[in-house]
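Undergrad: Before we start, here is the structure in question, set down as structure tokens.
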Amino acid sequence: MKIKLQARGLWDAVCYGDADFQEDRMALDAIVNAVPEEMIESLAVKESAEDAWDAIATVRIGTDRIQKSTLQKKWRKWDRITFQDGESVDDFALRLSGLMNTFLMLGDDDINE
């Protein structure tokens, strides 16, 4: 979604909230069209694209406490990760990649260290 907004030159409307009304509406429209159907109604009533983006972030990531708890669980999983019986190297790499993406999504880039 962020890439689509950037490609359309609308990311500043979301990031800084300083776009004119038309750009803000275009950004809000792009956001509403990119989310699951059950989220559309709650986002369509937001005052700005920035408000809609913040609402998605709140739903997606949750509170800091939940985020930290999730990160702790994922780090424990990372520390214990091993090949499973019959698992291919590609499947193992996909599991590693999935965990790494989860860390990044939750704002933890310590995985690169």
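Just remember, in the structure tokens the first chain shown is A, the second B, etc., residues are 1-based per chain, and ligands are 1-based in the order shown.
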Show me, as a list in words, the residues that have an atom within 12 Å of Asp109 of chain A when counting only C-alpha atoms, minus same-chain residues fewer than 3 positions from it.

TA: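 Contacts, in chain order: Leu71, Trp75, Leu99, Met100, Asn101, Thr102, Phe103, Leu104, Met105, Leu106, Asn112 and Glu113 of chain A.
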
Undergrad: Near segment 37-46 of chain A, counting only C-alpha atoms, which residues have an atom at most 9 Å away, once you skip same-chain residues fewer than 5 positions from it, shown as a PyMOL selection string?

TA: chain A and resi 28-29+31-32+51-53+55-56

Undergrad: Atom CA of Ala30 of chain A and atom CA of Ala49 of chain A are how many Å apart?

TA: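 These two atoms are separated by 9.0 Å.
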
Undergrad: Compile the contact shell of Val14 of chain A as a PyMOL selection string: residues with an atom at most 6 Å away, counting only C-alpha atoms, same-chain residues fewer than 2 positions apart removed.

TA: chain A and resi 11-12+16-17+49-50

Undergrad: Would you please work out which residue, of A:Gln22, A:Val59, A:Thr70, A:Phe83, is nearest to Val35 of chain A when using only C-alpha atoms?

TA: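 Nearest candidate to Val35 of chain A out of A:Gln22, A:Val59, A:Thr70, A:Phe83: A:Val59.
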
Undergrad: Considering only C-alpha atoms, can you say which of A:Asp90, A:Asp108, A:Asp18, A:Asp54 comes closest to Gln67 of chain A?

TA: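 Counting only C-alpha atoms, the residue closest to Gln67 of chain A is A:Asp108.
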
Undergrad: Taking only C-alpha atoms into account, name the residue in A:Lys4, A:Lys68, A:Arg60, A:Lys77 that is nearest to Asn33 of chain A.

TA: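 Result for the nearest residue to Asn33 of chain A: A:Lys4.
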